[in-house]
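Shown next: start25.pdb, containing PDB, C-alpha atoms.
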```pdb
ATOM      1  CA  MET M  49       0.000   0.000   0.000  1.00  0.00           C
ATOM      2  CA  ARG M  50       1.321   3.462  -0.790  1.00  0.00           C
ATOM      3  CA  ASP M  51       2.172   6.030   1.876  1.00  0.00           C
ATOM      4  CA  VAL M  52      -0.940   8.180   2.079  1.00  0.00           C
ATOM      5  CA  THR M  53       1.037  11.149   3.384  1.00  0.00           C
ATOM      6  CA  GLU M  54       2.668  11.658  -0.019  1.00  0.00           C
ATOM      7  CA  GLU M  55       1.120  14.218  -2.362  1.00  0.00           C
ATOM      8  CA  PRO M  56      -1.513  12.184  -4.215  1.00  0.00           C
ATOM      9  CA  LYS M  57      -1.953  12.273  -7.955  1.00  0.00           C
ATOM     10  CA  GLY M  58      -5.532  13.580  -7.501  1.00  0.00           C
ATOM     11  CA  ALA M  59      -6.907  14.085  -4.099  1.00  0.00           C
ATOM     12  CA  ARG M  60      -7.393  10.671  -2.621  1.00  0.00           C
ATOM     13  CA  ALA M  61      -6.227   8.406   0.167  1.00  0.00           C
ATOM     14  CA  THR M  62      -6.285   4.648   0.394  1.00  0.00           C
ATOM     15  CA  GLY M  63      -7.968   2.734   3.173  1.00  0.00           C
ATOM     16  CA  GLY M  64      -4.893   2.355   5.387  1.00  0.00           C
ATOM     17  CA  SER M  65      -3.853   4.636   8.180  1.00  0.00           C
ATOM     18  CA  VAL M  66      -0.714   6.468   9.112  1.00  0.00           C
ATOM     19  CA  GLY M  67       0.672   5.334  12.460  1.00  0.00           C
ATOM     20  CA  GLU M  68       1.926   7.513  15.293  1.00  0.00           C
ATOM     21  CA  ASP M  69       5.504   7.075  14.109  1.00  0.00           C
ATOM     22  CA  ALA M  70       4.734   8.519  10.653  1.00  0.00           C
ATOM     23  CA  ARG M  71       6.168  11.806   9.465  1.00  0.00           C
ATOM     24  CA  VAL M  72       4.300  14.683  11.123  1.00  0.00           C
ATOM     25  CA  ASP M  73       2.847  17.191   8.689  1.00  0.00           C
ATOM     26  CA  GLU M  74       1.110  20.047  10.439  1.00  0.00           C
ATOM     27  CA  SER M  75      -0.349  21.362   7.175  1.00  0.00           C
ATOM     28  CA  PHE M  76      -3.124  18.729   7.246  1.00  0.00           C
ATOM     29  CA  ARG M  77      -6.348  19.526   9.104  1.00  0.00           C
ATOM     30  CA  ARG M  78      -8.621  16.896  10.664  1.00  0.00           C
ATOM     31  CA  VAL M  79     -12.160  17.030   9.271  1.00  0.00           C
ATOM     32  CA  GLY M  80     -13.893  13.970  10.707  1.00  0.00           C
ATOM     33  CA  SER M  81     -13.649  10.276  11.387  1.00  0.00           C
ATOM     34  CA  ARG M  82     -13.434   7.686   8.646  1.00  0.00           C
ATOM     35  CA  ALA M  83     -16.622   6.103  10.050  1.00  0.00           C
ATOM     36  CA  GLU M  84     -18.540   9.309   9.207  1.00  0.00           C
ATOM     37  CA  VAL M  85     -18.106   8.666   5.474  1.00  0.00           C
ATOM     38  CA  PRO M  86     -19.352   5.139   4.670  1.00  0.00           C
ATOM     39  CA  GLU M  87     -18.309   3.385   1.457  1.00  0.00           C
ATOM     40  CA  GLY M  88     -20.172   4.825  -1.542  1.00  0.00           C
ATOM     41  CA  GLU M  89     -21.190   7.996   0.323  1.00  0.00           C
ATOM     42  CA  LEU M  90     -20.457  11.735   0.242  1.00  0.00           C
ATOM     43  CA  ARG M  91     -20.171  14.008   3.287  1.00  0.00           C
ATOM     44  CA  SER M  92     -19.432  17.687   3.807  1.00  0.00           C
ATOM     45  CA  PHE M  93     -17.225  19.191   6.519  1.00  0.00           C
ATOM     46  CA  ASP M  94     -16.607  22.803   7.554  1.00  0.00           C
ATOM     47  CA  LEU M  95     -13.086  24.165   7.827  1.00  0.00           C
ATOM     48  CA  PRO M  96     -12.059  27.775   8.428  1.00  0.00           C
ATOM     49  CA  GLY M  97     -13.230  29.661   5.360  1.00  0.00           C
ATOM     50  CA  LEU M  98     -13.930  26.484   3.402  1.00  0.00           C
ATOM     51  CA  ARG M  99     -16.450  23.676   3.074  1.00  0.00           C
ATOM     52  CA  VAL M 100     -14.874  20.377   1.961  1.00  0.00           C
ATOM     53  CA  ALA M 101     -16.687  17.362   0.516  1.00  0.00           C
ATOM     54  CA  ILE M 102     -15.308  13.871   1.070  1.00  0.00           C
ATOM     55  CA  ALA M 103     -16.248  10.927  -1.171  1.00  0.00           C
ATOM     56  CA  HIS M 104     -15.522   7.314  -0.135  1.00  0.00           C
ATOM     57  CA  VAL M 105     -15.262   5.120  -3.222  1.00  0.00           C
ATOM     58  CA  GLU M 106     -13.825   1.599  -3.399  1.00  0.00           C
ATOM     59  CA  ASN M 107     -11.844   2.053  -0.179  1.00  0.00           C
ATOM     60  CA  GLU M 108     -10.359   5.394  -1.323  1.00  0.00           C
ATOM     61  CA  LEU M 109     -11.157   8.893  -0.134  1.00  0.00           C
ATOM     62  CA  TYR M 110     -11.392  11.972  -2.349  1.00  0.00           C
ATOM     63  CA  ALA M 111     -11.474  15.539  -1.011  1.00  0.00           C
ATOM     64  CA  PHE M 112     -12.782  18.482  -3.027  1.00  0.00           C
ATOM     65  CA  GLY M 113     -14.530  21.815  -2.613  1.00  0.00           C
ATOM     66  CA  ASP M 114     -18.167  21.278  -1.686  1.00  0.00           C
ATOM     67  CA  GLU M 115     -19.458  24.164  -3.804  1.00  0.00           C
ATOM     68  CA  CYS M 116     -20.456  23.570  -7.438  1.00  0.00           C
ATOM     69  CA  THR M 117     -18.797  26.144  -9.668  1.00  0.00           C
ATOM     70  CA  HIS M 118     -22.021  26.656 -11.642  1.00  0.00           C
ATOM     71  CA  GLU M 119     -24.340  28.062  -8.959  1.00  0.00           C
ATOM     72  CA  GLY M 120     -22.824  27.120  -5.616  1.00  0.00           C
ATOM     73  CA  CYS M 121     -24.914  24.088  -4.685  1.00  0.00           C
ATOM     74  CA  SER M 122     -23.483  21.535  -2.226  1.00  0.00           C
ATOM     75  CA  LEU M 123     -21.835  18.658  -4.081  1.00  0.00           C
ATOM     76  CA  ALA M 124     -22.025  16.501  -0.942  1.00  0.00           C
ATOM     77  CA  GLU M 125     -25.803  16.612  -1.370  1.00  0.00           C
ATOM     78  CA  GLY M 126     -25.396  15.199  -4.875  1.00  0.00           C
ATOM     79  CA  THR M 127     -24.658  11.655  -5.988  1.00  0.00           C
ATOM     80  CA  LEU M 128     -21.734   9.672  -7.285  1.00  0.00           C
ATOM     81  CA  GLY M 129     -21.702   9.215 -11.063  1.00  0.00           C
ATOM     82  CA  GLU M 130     -22.526   5.897 -12.731  1.00  0.00           C
ATOM     83  CA  ARG M 131     -18.914   4.663 -12.629  1.00  0.00           C
ATOM     84  CA  GLU M 132     -18.365   6.215  -9.189  1.00  0.00           C
ATOM     85  CA  ASP M 133     -15.418   8.314 -10.405  1.00  0.00           C
ATOM     86  CA  THR M 134     -17.420  11.541 -10.530  1.00  0.00           C
ATOM     87  CA  VAL M 135     -19.787  13.555  -8.358  1.00  0.00           C
ATOM     88  CA  VAL M 136     -23.046  14.927  -9.800  1.00  0.00           C
ATOM     89  CA  CYS M 137     -24.412  18.247  -8.542  1.00  0.00           C
ATOM     90  CA  PRO M 138     -27.997  17.929  -7.273  1.00  0.00           C
ATOM     91  CA  CYS M 139     -29.105  21.305  -8.671  1.00  0.00           C
ATOM     92  CA  HIS M 140     -28.358  21.301 -12.392  1.00  0.00           C
ATOM     93  CA  GLY M 141     -26.497  18.035 -13.038  1.00  0.00           C
ATOM     94  CA  SER M 142     -22.928  19.294 -13.468  1.00  0.00           C
ATOM     95  CA  GLU M 143     -20.550  16.365 -13.084  1.00  0.00           C
ATOM     96  CA  PHE M 144     -16.981  16.632 -11.760  1.00  0.00           C
ATOM     97  CA  ASP M 145     -14.088  14.157 -11.816  1.00  0.00           C
ATOM     98  CA  LEU M 146     -13.308  13.161  -8.209  1.00  0.00           C
ATOM     99  CA  ALA M 147      -9.532  13.021  -8.715  1.00  0.00           C
ATOM    100  CA  THR M 148      -9.008  16.208 -10.730  1.00  0.00           C
ATOM    101  CA  GLY M 149     -12.063  18.367 -10.010  1.00  0.00           C
ATOM    102  CA  GLU M 150     -12.507  18.977 -13.736  1.00  0.00           C
ATOM    103  CA  PRO M 151     -16.081  19.195 -15.035  1.00  0.00           C
ATOM    104  CA  VAL M 152     -16.949  16.279 -17.307  1.00  0.00           C
ATOM    105  CA  GLU M 153     -20.550  17.360 -17.878  1.00  0.00           C
ATOM    106  CA  GLY M 154     -22.040  20.876 -17.801  1.00  0.00           C
ATOM    107  CA  PRO M 155     -23.462  23.341 -17.242  1.00  0.00           C
ATOM    108  CA  ALA M 156     -20.403  24.057 -15.015  1.00  0.00           C
ATOM    109  CA  ILE M 157     -17.266  24.993 -16.964  1.00  0.00           C
ATOM    110  CA  ASP M 158     -14.824  25.651 -14.101  1.00  0.00           C
ATOM    111  CA  PRO M 159     -13.271  22.877 -11.976  1.00  0.00           C
ATOM    112  CA  VAL M 160     -13.809  22.465  -8.250  1.00  0.00           C
ATOM    113  CA  PRO M 161     -10.663  22.540  -6.106  1.00  0.00           C
ATOM    114  CA  VAL M 162      -9.266  19.198  -4.978  1.00  0.00           C
ATOM    115  CA  PHE M 163      -7.247  18.635  -1.821  1.00  0.00           C
ATOM    116  CA  ALA M 164      -4.677  16.158  -0.614  1.00  0.00           C
ATOM    117  CA  VAL M 165      -6.343  13.753   1.821  1.00  0.00           C
ATOM    118  CA  ARG M 166      -5.046  11.129   4.203  1.00  0.00           C
ATOM    119  CA  VAL M 167      -6.261   8.908   7.033  1.00  0.00           C
ATOM    120  CA  THR M 168      -4.392   9.073  10.326  1.00  0.00           C
ATOM    121  CA  ASP M 169      -5.526   6.759  13.121  1.00  0.00           C
ATOM    122  CA  GLU M 170      -8.982   6.539  11.483  1.00  0.00           C
ATOM    123  CA  TRP M 171      -9.288  10.349  11.222  1.00  0.00           C
ATOM    124  CA  ILE M 172      -9.707  11.971   7.800  1.00  0.00           C
ATOM    125  CA  GLU M 173      -7.325  14.868   7.265  1.00  0.00           C
ATOM    126  CA  VAL M 174      -7.040  17.280   4.338  1.00  0.00           C
ATOM    127  CA  ARG M 175      -4.313  19.708   3.288  1.00  0.00           C
ATOM    128  CA  PRO M 176      -5.183  23.343   2.544  1.00  0.00           C
ATOM    129  CA  PRO M 177      -5.307  24.532  -1.038  1.00  0.00           C
ATOM    130  CA  SER M 178      -2.198  26.733  -0.738  1.00  0.00           C
ATOM    131  CA  GLU M 179       1.071  27.215   1.088  1.00  0.00           C
ATOM    132  CA  ARG M 180      -0.574  29.910   3.244  1.00  0.00           C
ATOM    133  CA  GLY M 181      -2.363  27.231   5.252  1.00  0.00           C
ATOM    134  CA  TRP M 182      -5.743  27.550   6.863  1.00  0.00           C
TER     135      TRP M 182
END
```
Encoded form (C-alpha cells):
Amino acid sequence: MRDVTEEPKGARATGGSVGEDARVDESFRRVGSRAEVPEGELRSFDLPGLRVAIAHVENELYAFGDECTHEGCSLAEGTLGEREDTVVCPCHGSEFDLATGEPVEGPAIDPVPVFAVRVTDEWIEVRPPSERGW
C-alpha cells in the first residue's frame, strides 16, 4: 500500500492509516472520522473559510470543494456518477471528476478545487489549497 502522506496524484487516500511514528505534517487539518463517510457515500465538513466534501469510493477517499462552480450548490448533497469516479451536482447536473475536479458534464465549466487527503488513526485529514495554510 502506498504512503498516504505523499502528495496524491488527484486528491485521494487509500484505506490504510498512518501510524503515530509517521512523518508529522502540520499542514493537514482533521475534518472527521473515517466512520462518518461510509463506502459509496459523500459528506461535507466545515473548515475555516472552506467547506470540503469527502467521497468514499472503493476504499479510497477523495477531497474536493463542496461548492459547485455553476451556482454554488453543495456537491455533498449530490450523488456519485454511474462509474463512481465523478460527483453529480444535485441542482443542475454538473458532473466533476473526483480526482481532478474537472467538469466532465455541464453546465459548469470551471473545476472544483481538490485537496490532498489522508487517514491518520482513522481520522480523515485534508491539506489546505495553498502554502498559506488555513
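Candidate residues M:Cys121, M:Leu128, M:Val85, M:Val100 were compared for distance to M:Glu170, and the nearest is M:Val85, using all atoms listed in the file.
Applied to this file, the PyMOL selection byres ((chain M and resi 142) around 10) selects the residues Cys116, Thr117, His118, Glu119, Leu123, Gly126, Thr134, Val135, Val136, Cys137, Pro138, Cys139, His140, Gly141, Glu143, Phe144, Pro151, Val152, Glu153, Gly154, Pro155, Ala156 and Ile157 of chain M.
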Please enumerate the residues selected by the PyMOL selection byres ((chain M and resi 175) around 7) when evaluated against the supplied file, formatted as number ranges by chain.
M: 75-77, 163-165, 173-174, 176-177
May I have the protein, DNA and RNA residues with an atom at most 10 Å from (-17.4, 6.6, 6.5), counting all atoms listed in the file in the file's coordinates, returned as a PyMOL selection string?
chain M and resi 80-91+102-104+107+109+170+172
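Between atom CA of M:Ser92 and atom CA of M:Thr127 the interatomic distance comes to 12.6 Å.
Atom CA of M:Glu106 sits 13.5 Å away from atom CA of M:Glu130.
Using all atoms listed in the file, the shortest contact distance between M:Pro159 and any of M:Leu95, M:Val105, M:Ala147, M:Val79 is found at M:Ala147.
With distances restricted to all atoms listed in the file, M:Phe112 is the closest residue to M:Thr148 from M:Phe112, M:Asp169, M:Arg131, M:Gly120.
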Go ahead and compute the interatomic distance for atom CA of M:Glu150 and atom CA of M:Gly113, in Å to one decimal.
11.7 Å
Please report, as lines of an AutoDock Vina configuration file, the centre and edge lengths in Å to one decimal of an axis-aligned box covering all listed atoms of stretch 126-132 of chain M with 8 Å per side.
```
center_x = -21.9
center_y = 9.9
center_z = -8.8
size_x = 23.0
size_y = 26.5
size_z = 23.9
```
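Distances here use all atoms listed in the file; by that measure, the residue among M:Leu146, M:Phe93, M:Arg78, M:Tyr110 closest to M:Ser122 is M:Phe93.
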